[in-house]
$ cat structure.csv   # CSV, C-alpha atoms and all ligand atoms
chain,number,residue,atom,x,y,z
A,22,MET,CA,107.0,-4.0,-134.0
A,23,ALA,CA,103.3,-4.6,-134.4
A,24,GLY,CA,103.8,-5.7,-138.0
A,25,SER,CA,104.5,-9.4,-137.4
A,26,SER,CA,102.1,-9.8,-134.5
A,27,ARG,CA,98.9,-11.8,-134.9
A,28,ILE,CA,95.6,-10.0,-134.2
A,29,CYS,CA,92.6,-11.9,-132.9
A,30,PRO,CA,89.9,-11.5,-135.5
A,31,ARG,CA,87.2,-11.7,-132.8
A,32,CYS,CA,88.3,-9.1,-130.3
A,33,GLY,CA,91.1,-7.3,-132.0
A,34,ARG,CA,93.7,-7.9,-129.4
A,35,SER,CA,97.3,-8.7,-130.4
A,36,GLU,CA,99.8,-11.4,-129.3
A,37,GLU,CA,101.5,-8.8,-127.2
A,38,GLU,CA,98.3,-8.4,-125.1
A,39,VAL,CA,97.1,-12.0,-124.8
A,40,GLU,CA,98.1,-15.6,-125.5
A,41,PHE,CA,96.8,-17.4,-128.6
A,42,ILE,CA,95.4,-20.8,-129.3
A,43,GLY,CA,95.3,-21.3,-133.1
A,44,PRO,CA,93.9,-18.2,-134.9
A,45,LEU,CA,92.1,-16.9,-131.8
A,46,CYS,CA,93.2,-15.4,-128.5
A,47,LYS,CA,92.8,-17.8,-125.7
A,48,ASP,CA,89.7,-16.0,-124.2
A,49,CYS,CA,87.9,-16.0,-127.6
A,50,TYR,CA,89.0,-19.6,-128.1
A,51,VAL,CA,87.4,-20.7,-124.9
A,52,GLU,CA,84.2,-18.6,-125.6
A,53,VAL,CA,83.8,-20.0,-129.0
A,54,TYR,CA,85.0,-23.6,-128.5
A,55,GLY,CA,85.3,-24.2,-124.8
A,56,VAL,CA,87.9,-26.2,-122.9
A,57,ALA,CA,86.3,-29.6,-122.7
A,58,ARG,CA,83.0,-31.4,-123.2
A,59,LEU,CA,81.1,-32.5,-120.2
A,60,PRO,CA,77.7,-34.3,-119.8
A,61,GLU,CA,75.0,-31.7,-119.1
A,62,LYS,CA,73.3,-33.9,-116.6
A,63,ALA,CA,74.3,-36.3,-113.8
A,64,GLY,CA,72.3,-38.5,-111.4
A,65,PHE,CA,73.2,-39.1,-107.8
A,66,VAL,CA,71.6,-41.7,-105.7
A,67,TYR,CA,72.4,-41.8,-102.0
A,68,CYS,CA,71.3,-43.8,-98.9
A,69,GLN,CA,69.3,-41.5,-96.6
A,70,TYR,CA,70.4,-43.4,-93.6
A,71,CYS,CA,74.2,-43.9,-94.0
A,72,GLY,CA,75.1,-41.6,-96.8
A,73,ARG,CA,76.6,-44.3,-99.0
A,74,TYR,CA,76.2,-43.6,-102.8
A,75,LYS,CA,75.5,-45.7,-105.8
A,76,TYR,CA,78.3,-45.9,-108.4
A,77,GLN,CA,79.1,-48.5,-111.0
A,78,GLY,CA,76.6,-50.9,-109.7
A,79,GLY,CA,77.7,-50.9,-106.0
A,80,TRP,CA,77.3,-48.8,-102.9
A,81,ASN,CA,80.3,-46.8,-101.9
A,82,GLU,CA,81.4,-45.2,-98.6
A,83,PRO,CA,80.5,-41.6,-98.1
A,84,SER,CA,83.2,-38.9,-97.8
A,85,GLY,CA,81.6,-36.9,-95.0
A,86,THR,CA,78.3,-35.0,-95.3
A,87,ILE,CA,76.0,-35.8,-98.2
A,88,GLU,CA,77.0,-32.6,-99.9
A,89,GLU,CA,80.7,-33.4,-99.6
A,90,THR,CA,80.0,-36.9,-100.9
A,91,LEU,CA,78.0,-35.5,-103.8
A,92,LEU,CA,80.9,-33.1,-104.8
A,93,ASP,CA,83.4,-36.0,-104.6
A,94,TYR,CA,81.1,-38.1,-106.7
A,95,LEU,CA,80.7,-35.4,-109.3
A,96,SER,CA,84.4,-35.0,-109.4
A,97,ILE,CA,84.9,-38.7,-110.1
A,98,VAL,CA,82.2,-39.1,-112.8
A,99,LEU,CA,82.9,-35.8,-114.5
A,100,THR,CA,86.6,-36.5,-114.7
A,101,ARG,CA,85.9,-39.9,-116.3
A,102,ARG,CA,83.6,-38.3,-118.9
A,103,LEU,CA,85.6,-35.2,-119.6
A,104,ARG,CA,86.7,-34.8,-123.3
A,105,PRO,CA,89.1,-32.0,-124.1
A,106,ILE,CA,88.3,-29.8,-127.1
A,107,GLU,CA,90.6,-29.8,-130.1
A,108,ASN,CA,93.9,-28.0,-129.4
A,109,ILE,CA,93.5,-28.5,-125.7
A,110,VAL,CA,96.1,-31.1,-124.9
A,111,GLU,CA,95.0,-31.8,-121.3
A,112,ALA,CA,91.9,-30.9,-119.2
A,113,TRP,CA,90.9,-31.5,-115.7
A,114,ILE,CA,88.1,-30.7,-113.2
A,115,GLY,CA,88.9,-27.9,-110.7
A,116,ASP,CA,86.5,-26.6,-108.2
A,117,ILE,CA,82.9,-27.8,-108.1
A,118,ARG,CA,80.2,-26.1,-106.1
A,119,LEU,CA,76.4,-26.3,-105.9
A,120,ASP,CA,74.1,-23.4,-106.7
A,121,ARG,CA,72.6,-23.8,-103.2
A,122,GLU,CA,73.0,-25.7,-100.0
A,123,PHE,CA,72.2,-29.4,-100.3
A,124,THR,CA,68.9,-30.0,-98.5
A,125,GLY,CA,67.9,-33.4,-99.8
A,126,PRO,CA,66.5,-35.0,-102.9
A,127,GLY,CA,65.9,-32.6,-105.8
A,128,ILE,CA,67.5,-30.8,-108.8
A,129,TYR,CA,70.7,-28.8,-108.3
A,130,ASN,CA,73.0,-26.9,-110.6
A,131,ALA,CA,76.7,-27.7,-110.1
A,132,TYR,CA,79.2,-25.0,-111.2
A,133,VAL,CA,82.2,-26.9,-112.5
A,134,ARG,CA,85.5,-25.2,-113.2
A,135,VAL,CA,87.1,-27.0,-116.1
A,136,GLN,CA,90.8,-26.2,-116.5
A,137,GLY,CA,93.0,-27.1,-119.4
A,138,ARG,CA,96.2,-26.2,-121.3
A,139,HIS,CA,97.4,-25.8,-124.8
A,140,GLY,CA,101.2,-26.0,-124.6
A,141,ARG,CA,101.9,-23.5,-121.9
A,142,VAL,CA,98.8,-21.6,-122.3
A,143,GLU,CA,96.3,-22.3,-119.5
A,144,VAL,CA,92.6,-21.9,-119.9
A,145,VAL,CA,89.6,-22.1,-117.6
A,146,GLU,CA,85.9,-22.5,-118.3
A,147,GLU,CA,83.0,-22.6,-116.0
A,148,LYS,CA,80.3,-25.1,-116.9
A,149,VAL,CA,77.0,-25.9,-115.4
A,150,VAL,CA,75.9,-29.6,-114.8
A,151,ASN,CA,72.4,-30.3,-113.9
A,152,VAL,CA,72.3,-32.8,-111.0
A,153,LYS,CA,69.3,-34.9,-110.0
A,154,ALA,CA,69.7,-36.2,-106.4
A,155,ASP,CA,67.6,-39.1,-105.2
A,156,ALA,CA,67.4,-40.6,-101.8
A,157,ALA,CA,67.2,-44.4,-101.4
A,158,VAL,CA,67.9,-47.1,-98.8
A,159,CYS,CA,71.1,-49.1,-99.3
A,160,PRO,CA,71.0,-52.9,-98.9
A,161,SER,CA,72.9,-52.9,-95.6
A,162,CYS,CA,70.5,-50.3,-94.1
A,163,THR,CA,67.6,-52.3,-95.4
A,164,ARG,CA,68.9,-55.3,-93.5
A,165,ARG,CA,69.5,-53.2,-90.4
A,166,ILE,CA,66.1,-51.6,-90.4
A,167,THR,CA,64.2,-54.8,-91.0
A,168,LYS,CA,66.6,-56.8,-88.8
A,169,ARG,CA,66.2,-59.5,-91.3
A,170,GLY,CA,69.1,-61.5,-92.6
A,171,TYR,CA,71.1,-61.8,-89.4
A,172,ASN,CA,72.8,-65.1,-89.1
A,173,ALA,CA,74.6,-64.7,-85.8
A,174,VAL,CA,74.0,-63.1,-82.4
A,175,LEU,CA,76.5,-62.1,-79.9
A,176,GLN,CA,74.9,-62.0,-76.4
A,177,VAL,CA,77.0,-59.6,-74.4
A,178,ARG,CA,76.5,-60.2,-70.6
A,179,SER,CA,78.6,-59.7,-67.5
A,180,SER,CA,79.9,-62.2,-65.0
A,181,ARG,CA,77.3,-60.8,-62.6
A,182,GLY,CA,73.6,-60.5,-63.1
A,183,ARG,CA,73.5,-57.4,-65.1
A,184,LEU,CA,76.0,-55.6,-67.3
A,185,SER,CA,76.9,-52.4,-65.5
A,186,ASP,CA,76.6,-49.0,-67.3
A,187,SER,CA,80.3,-48.4,-67.0
A,188,LEU,CA,81.2,-51.7,-68.6
A,189,ARG,CA,78.6,-51.3,-71.3
A,190,GLU,CA,80.1,-47.9,-72.1
A,191,ARG,CA,83.6,-49.4,-72.3
A,192,VAL,CA,82.4,-52.1,-74.6
A,193,ASN,CA,80.6,-49.5,-76.8
A,194,VAL,CA,83.7,-47.3,-77.1
A,195,PHE,CA,85.8,-50.4,-77.9
A,196,LEU,CA,83.4,-51.5,-80.6
A,197,SER,CA,83.2,-48.1,-82.2
A,198,GLU,CA,86.9,-47.6,-82.2
A,199,ASN,CA,88.0,-51.1,-83.1
A,200,LEU,CA,85.5,-52.4,-85.7
A,201,SER,CA,86.0,-50.9,-89.1
A,202,GLY,CA,84.9,-51.6,-92.6
A,203,ARG,CA,83.6,-55.1,-93.1
A,204,LEU,CA,83.2,-55.8,-89.4
A,205,ALA,CA,81.2,-52.7,-88.7
A,206,GLU,CA,79.1,-53.2,-91.8
A,207,SER,CA,78.2,-56.7,-90.8
A,208,ILE,CA,76.5,-55.5,-87.7
A,209,ILE,CA,72.8,-55.3,-88.5
A,210,GLY,CA,71.6,-53.9,-85.2
A,211,LEU,CA,71.8,-53.9,-81.4
A,212,GLU,CA,69.1,-55.2,-79.1
A,213,GLU,CA,68.8,-54.1,-75.5
A,214,HIS,CA,68.1,-56.7,-72.8
A,215,ARG,CA,67.7,-56.4,-69.1
A,216,GLU,CA,70.9,-58.2,-68.4
A,217,GLY,CA,73.0,-56.8,-71.3
A,218,PHE,CA,72.7,-56.4,-75.1
A,219,ASP,CA,72.7,-58.5,-78.2
A,220,ILE,CA,74.7,-57.7,-81.4
A,221,LEU,CA,73.0,-59.0,-84.5
A,222,VAL,CA,75.5,-59.8,-87.2
A,223,ASP,CA,74.8,-61.0,-90.8
A,224,ASP,CA,78.0,-63.1,-91.2
A,225,PRO,CA,78.8,-65.8,-88.6
A,226,SER,CA,82.5,-65.7,-89.4
A,227,ILE,CA,82.5,-62.0,-88.6
A,228,ALA,CA,80.6,-62.6,-85.4
A,229,ARG,CA,83.4,-65.0,-84.4
A,230,MET,CA,86.0,-62.3,-85.1
A,231,ILE,CA,84.1,-59.8,-83.0
A,232,ALA,CA,83.8,-62.4,-80.2
A,233,ALA,CA,87.6,-63.0,-80.4
A,234,LYS,CA,88.3,-59.3,-80.0
A,235,LEU,CA,86.0,-59.1,-76.9
A,236,ARG,CA,87.7,-62.2,-75.5
A,237,SER,CA,91.2,-60.7,-75.7
A,238,ASN,CA,90.2,-57.2,-74.7
A,239,PHE,CA,87.7,-57.8,-71.9
A,240,MET,CA,88.8,-61.3,-70.8
A,241,ALA,CA,85.4,-62.5,-71.9
A,242,LYS,CA,84.4,-66.1,-71.9
A,243,THR,CA,82.7,-67.1,-75.1
A,244,ILE,CA,80.5,-70.1,-75.8
A,245,GLU,CA,79.1,-70.9,-79.2
A,246,THR,CA,75.8,-72.6,-79.9
A,247,PHE,CA,74.0,-73.2,-83.1
A,248,LYS,CA,70.3,-73.2,-83.5
A,249,LEU,CA,68.1,-74.3,-86.3
A,250,VAL,CA,65.7,-71.6,-87.4
A,251,GLY,CA,64.1,-73.1,-90.5
A,252,ARG,CA,65.0,-74.1,-94.0
A,253,ASN,CA,66.6,-72.3,-96.8
A,254,PRO,CA,64.6,-72.0,-100.1
A,255,ASP,CA,66.6,-74.9,-101.5
A,256,GLY,CA,65.5,-77.1,-98.6
A,257,SER,CA,68.8,-77.1,-96.7
A,258,ARG,CA,68.7,-76.5,-93.0
A,259,LYS,CA,69.1,-72.9,-91.9
A,260,GLY,CA,70.9,-72.2,-88.7
A,261,ARG,CA,71.8,-69.3,-86.6
A,262,LEU,CA,75.0,-69.0,-84.6
A,263,THR,CA,74.7,-67.7,-81.0
A,264,ILE,CA,77.8,-66.6,-79.2
A,265,SER,CA,77.4,-66.0,-75.5
A,266,VAL,CA,80.1,-63.4,-74.5
A,267,ARG,CA,80.5,-63.1,-70.7
A,268,ILE,CA,82.6,-60.2,-69.5
A,269,PRO,CA,84.1,-60.2,-66.0
A,270,GLU,CA,82.7,-57.2,-64.2
A,271,ILE,CA,86.1,-56.1,-62.8
A,272,GLU,CA,88.3,-53.1,-63.3
A,273,PRO,CA,91.9,-52.4,-62.6
A,274,GLY,CA,92.2,-51.8,-58.9
A,275,ASP,CA,89.6,-54.3,-57.9
A,276,ILE,CA,90.3,-57.1,-55.6
A,277,ILE,CA,88.9,-60.5,-56.6
A,278,LEU,CA,88.8,-63.9,-55.0
A,279,VAL,CA,90.3,-66.6,-57.3
A,280,ASP,CA,90.1,-70.1,-55.8
A,281,GLY,CA,89.2,-68.4,-52.5
A,282,ARG,CA,92.4,-66.3,-52.4
A,283,PRO,CA,92.5,-62.5,-52.7
A,284,TYR,CA,94.2,-61.0,-55.8
A,285,LEU,CA,94.5,-57.5,-56.9
A,286,PHE,CA,93.7,-57.0,-60.6
A,287,LEU,CA,96.1,-54.5,-62.0
A,288,ALA,CA,95.8,-54.6,-65.8
A,289,THR,CA,95.0,-56.6,-68.9
A,290,SER,CA,97.9,-57.4,-71.2
A,291,ARG,CA,97.7,-58.1,-74.9
A,292,GLY,CA,96.2,-61.5,-75.7
A,293,GLY,CA,93.9,-61.3,-72.7
A,294,ASN,CA,96.2,-62.1,-69.9
A,295,LEU,CA,95.6,-60.5,-66.5
A,296,LEU,CA,98.3,-59.0,-64.4
A,297,LEU,CA,97.4,-59.8,-60.8
A,298,VAL,CA,99.0,-59.4,-57.4
A,299,ASP,CA,98.6,-62.5,-55.2
A,300,LEU,CA,97.9,-60.5,-52.0
A,301,GLU,CA,98.7,-63.3,-49.6
A,302,ARG,CA,102.0,-64.2,-51.1
A,303,GLY,CA,102.8,-60.6,-52.1
A,304,ARG,CA,103.9,-61.2,-55.7
A,305,GLU,CA,102.7,-60.3,-59.2
A,306,GLU,CA,101.7,-62.9,-61.6
A,307,TYR,CA,100.1,-63.2,-65.0
A,308,MET,CA,97.1,-65.4,-65.4
A,309,SER,CA,95.3,-66.2,-68.7
A,310,SER,CA,91.6,-65.3,-68.8
A,311,ASP,CA,90.9,-69.0,-69.6
A,312,LEU,CA,92.5,-70.0,-66.3
A,313,LEU,CA,90.7,-67.3,-64.5
A,314,TRP,CA,87.3,-68.6,-65.8
A,315,GLN,CA,88.4,-72.2,-65.1
A,316,LYS,CA,89.3,-71.5,-61.5
A,317,GLY,CA,86.3,-69.3,-60.9
A,318,PHE,CA,86.4,-65.8,-59.4
A,319,LYS,CA,84.2,-63.4,-57.6
A,320,PRO,CA,84.5,-59.9,-56.3
A,321,TYR,CA,86.2,-59.6,-52.9
A,322,PRO,CA,83.5,-59.3,-50.2
A,323,GLY,CA,83.7,-55.5,-49.8
A,324,GLY,CA,84.3,-53.3,-46.9
A,325,VAL,CA,85.6,-55.8,-44.3
A,326,GLU,CA,89.3,-56.0,-44.9
A,327,LEU,CA,89.7,-53.2,-47.4
A,328,LYS,CA,90.5,-50.0,-45.5
A,329,ARG,CA,90.4,-46.4,-46.4
A,330,TYR,CA,93.6,-44.6,-45.4
A,331,MET,CA,94.8,-41.1,-45.9
A,332,LEU,CA,98.5,-40.7,-46.5
A,333,ILE,CA,100.0,-38.2,-44.0
A,334,SER,CA,103.7,-38.5,-44.6
A,335,ARG,CA,106.2,-40.7,-46.2
A,336,ASP,CA,110.0,-40.9,-46.3
A,337,LYS,CA,112.6,-43.6,-46.9
A,338,ASN,CA,111.9,-45.3,-43.6
A,339,THR,CA,108.4,-44.6,-42.4
A,340,THR,CA,105.0,-44.1,-43.9
A,341,ILE,CA,102.2,-42.7,-41.9
A,342,PHE,CA,98.5,-43.0,-42.6
A,343,LEU,CA,95.3,-42.0,-40.9
A,344,ASP,CA,92.5,-44.4,-40.9
A,345,ALA,CA,89.5,-42.6,-42.5
A,346,GLU,CA,87.0,-45.1,-41.1
A,347,SER,CA,87.9,-44.2,-37.5
A,348,GLY,CA,87.2,-40.6,-38.3
A,349,TYR,CA,90.9,-39.9,-38.9
A,350,GLN,CA,91.7,-40.7,-35.3
A,351,ASP,CA,93.9,-43.8,-35.6
A,352,VAL,CA,97.4,-43.3,-36.8
A,353,VAL,CA,99.0,-46.2,-38.8
A,354,GLU,CA,102.7,-46.1,-38.8
A,355,VAL,CA,104.6,-48.7,-40.9
A,356,PRO,CA,108.0,-49.2,-42.4
A,357,SER,CA,108.0,-47.7,-45.9
A,358,ASN,CA,109.4,-50.9,-47.5
A,359,SER,CA,106.2,-52.8,-46.4
A,360,VAL,CA,104.0,-50.5,-48.4
A,361,LYS,CA,103.3,-51.8,-51.9
A,362,ILE,CA,102.0,-49.1,-54.2
A,363,TYR,CA,99.7,-49.9,-57.1
A,364,VAL,CA,98.4,-46.5,-57.9
A,365,ASP,CA,99.8,-43.8,-60.2
A,366,LYS,CA,99.8,-41.0,-57.7
A,367,PHE,CA,100.8,-41.6,-54.1
A,368,THR,CA,100.8,-38.2,-52.4
A,369,GLU,CA,100.2,-36.7,-49.0
A,370,GLY,CA,96.6,-35.7,-48.3
A,371,ARG,CA,95.0,-38.2,-50.7
A,372,GLU,CA,92.9,-41.1,-49.7
A,373,TYR,CA,93.4,-44.7,-50.8
A,374,LYS,CA,91.8,-48.1,-50.6
A,375,VAL,CA,94.3,-50.3,-49.0
A,376,PHE,CA,94.5,-54.0,-48.4
A,377,GLN,CA,96.4,-55.4,-45.4
A,378,ALA,CA,98.0,-58.9,-45.6
A,379,GLY,CA,100.3,-59.9,-42.9
A,380,THR,CA,102.8,-57.1,-42.4
A,381,LYS,CA,102.3,-55.6,-45.9
A,382,ILE,CA,100.0,-52.8,-46.9
A,383,TYR,CA,98.8,-52.8,-50.5
A,384,VAL,CA,97.7,-49.4,-51.8
A,385,VAL,CA,95.2,-50.5,-54.5
A,386,LYS,CA,93.0,-47.7,-55.4
A,387,ASP,CA,93.2,-43.9,-55.5
A,388,LEU,CA,90.2,-42.3,-53.9
A,389,GLY,CA,91.3,-38.7,-54.5
A,390,ASP,CA,91.7,-35.8,-52.1
A,391,GLY,CA,90.1,-36.6,-48.8
B,1,ZN,ZN,90.0,-12.6,-128.9
B,2,ZN,ZN,72.6,-47.1,-96.0

$ encode --input "structure.csv" --output "structure tokens"
Amino acid sequence: MAGSSRICPRCGRSEEEVEFIGPLCKDCYVEVYGVARLPEKAGFVYCQYCGRYKYQGGWNEPSGTIEETLLDYLSIVLTRRLRPIENIVEAWIGDIRLDREFTGPGIYNAYVRVQGRHGRVEVVEEKVVNVKADAAVCPSCTRRITKRGYNAVLQVRSSRGRLSDSLRERVNVFLSENLSGRLAESIIGLEEHREGFDILVDDPSIARMIAAKLRSNFMAKTIETFKLVGRNPDGSRKGRLTISVRIPEIEPGDIILVDGRPYLFLATSRGGNLLLVDLERGREEYMSSDLLWQKGFKPYPGGVELKRYMLISRDKNTTIFLDAESGYQDVVEVPSNSVKIYVDKFTEGREYKVFQAGTKIYVVKDLGDG
């Protein structure tokens, strides 16, 4: 039985014990020849601010932490430069790990698992690649830090004197969730002002795109102006686009006066239309934000005709409230079909802001449990 079997001249094992590649067993083959050739060294240049890395002449998006980015980067460059040894028909990069935690610029050893196959025989080899990591500042972070090179400014303000913290927060969340890739990259910086904030943008056409998003999502009114700021090196006039973005300081549930009439603001629809309830006529209508700005609007003068009611009971016929402002002494009993509910939850024991117009009572805002 052993007579026809090959014997590895290096370790003495036979074909029954181990697979062979050429005249050697696969383990000796890998020890003597290896699986694939790899460069011994690699360089890695990353931006210390945003984590982008340099590759093929450009700056590329990071894949997470700098260590994760480095490992992905190594996988890409080593795969490109991997050369299988003779008799290995196919080779690829498996696991890569660093000899220690990534802590910044310096020299690291990367342990690279190189896998390959010869027919059905699979082989593995661990190689070490010496990695030199350097920190740099990418061009877009350079622009951001120096605040040079911005060609457009979005001045975000409110319809009132000062942008409120809650509206500012809503705008921030919107910007971080809805601006990706090229749009986010074009933002060089933010500047705080007493009345609001400025967004500095390097590309005027992107500034217009951001303005359009604010217009349709926040019913903003935008006005463009163009200012000369000097001359380009070639002598041509250099200008800067300024876009004033005014955002109405209103939230769903607020009552506003448009053309002197009270409306309840319910929601914003796509495309920047407002869903309003005309509180004197008692009907819902859509209004474009352009028309709202054209007609003019202001917050409803608070406190006078908006009441605070607690719901006591409600059935098909009758709804009973207590007037909170009278110390819960006055009972308000009305037919249920004259109560118009514009809150999600209308339950007994909760308090609501209500607006009374004629015989109708509009429940416009949920104030929670008494
Ligand atoms: Zn052997
Ligand atoms: Zn950067």

$ residues_around --input "structure.csv" --residues "A:Leu45" --least-positions-apart "3" --cutoff "10 Å" --atoms "only C-alpha atoms" --output "VMD selection string"
chain A and resid 27 to 36 39 to 42 48 to 51 53

$ residues_around --input "structure.csv" --residues "stretch 168-176 of chain A" --least-positions-apart "3" --cutoff "10 Å" --atoms "all atoms listed in the file" --output "JSON, numbers by chain"
{"A": [161, 162, 163, 164, 165, 179, 207, 208, 209, 210, 211, 212, 214, 216, 217, 218, 219, 220, 221, 222, 223, 224, 225, 226, 227, 228, 229, 231, 232, 243, 244, 245, 246, 247, 248, 250, 259, 260, 261, 262, 263, 264, 265, 266, 267]}

$ atom_distance --input "structure.csv" --atom1 "atom CA of A:Val150" --atom2 "atom CA of A:Ala63"
7.0 Å

$ residues_around --input "structure.csv" --residues "A:Arg304" --least-positions-apart "5" --cutoff "12 Å" --atoms "only C-alpha atoms" --output "PyMOL selection string"
chain A and resi 283-285+296-299+361+378+381+383

$ closest_residue --input "structure.csv" --among "A:Ser237, A:Ser185, A:Gln69, A:Asn338" --to "ligand ZN 2 (chain B)" --atoms "only C-alpha atoms and all ligand atoms"
A:Gln69

$ residues_near_ligand --input "structure.csv" --ligand "ligand ZN 2 (chain B)" --cutoff "10 Å" --atoms "only C-alpha atoms and all ligand atoms" --output "VMD selection string"
chain A and resid 67 to 74 80 to 83 157 to 166 206

$ residues_around --input "structure.csv" --residues "A:Asn193" --least-positions-apart "4" --cutoff "12 Å" --atoms "only C-alpha atoms" --output "list of chain:residue names"
A:Val177, A:Asp186, A:Ser187, A:Leu188, A:Arg189, A:Ser197, A:Glu198, A:Asn199, A:Leu200, A:Leu211, A:Gly217, A:Phe218, A:Ile220, A:Leu235, A:Phe239

$ atom_distance --input "structure.csv" --atom1 "atom CA of A:Tyr307" --atom2 "atom CA of A:Val279"
12.9 Å

$ closest_residue --input "structure.csv" --among "A:Glu122, A:Glu38, A:Glu306, A:Glu270" --to "A:Val192" --atoms "only C-alpha atoms"
A:Glu270

$ atom_distance --input "structure.csv" --atom1 "atom CA of A:Leu313" --atom2 "atom CA of A:Leu184"
19.0 Å

$ closest_residue --input "structure.csv" --among "A:Asp280, A:Glu52, A:Glu213, A:Glu143" --to "ligand ZN 1 (chain B)" --atoms "all atoms listed in the file"
A:Glu52

$ closest_residue --input "structure.csv" --among "A:Arg121, A:Tyr132, A:Gly64, A:Tyr54" --to "A:Pro105" --atoms "all atoms listed in the file"
A:Tyr54
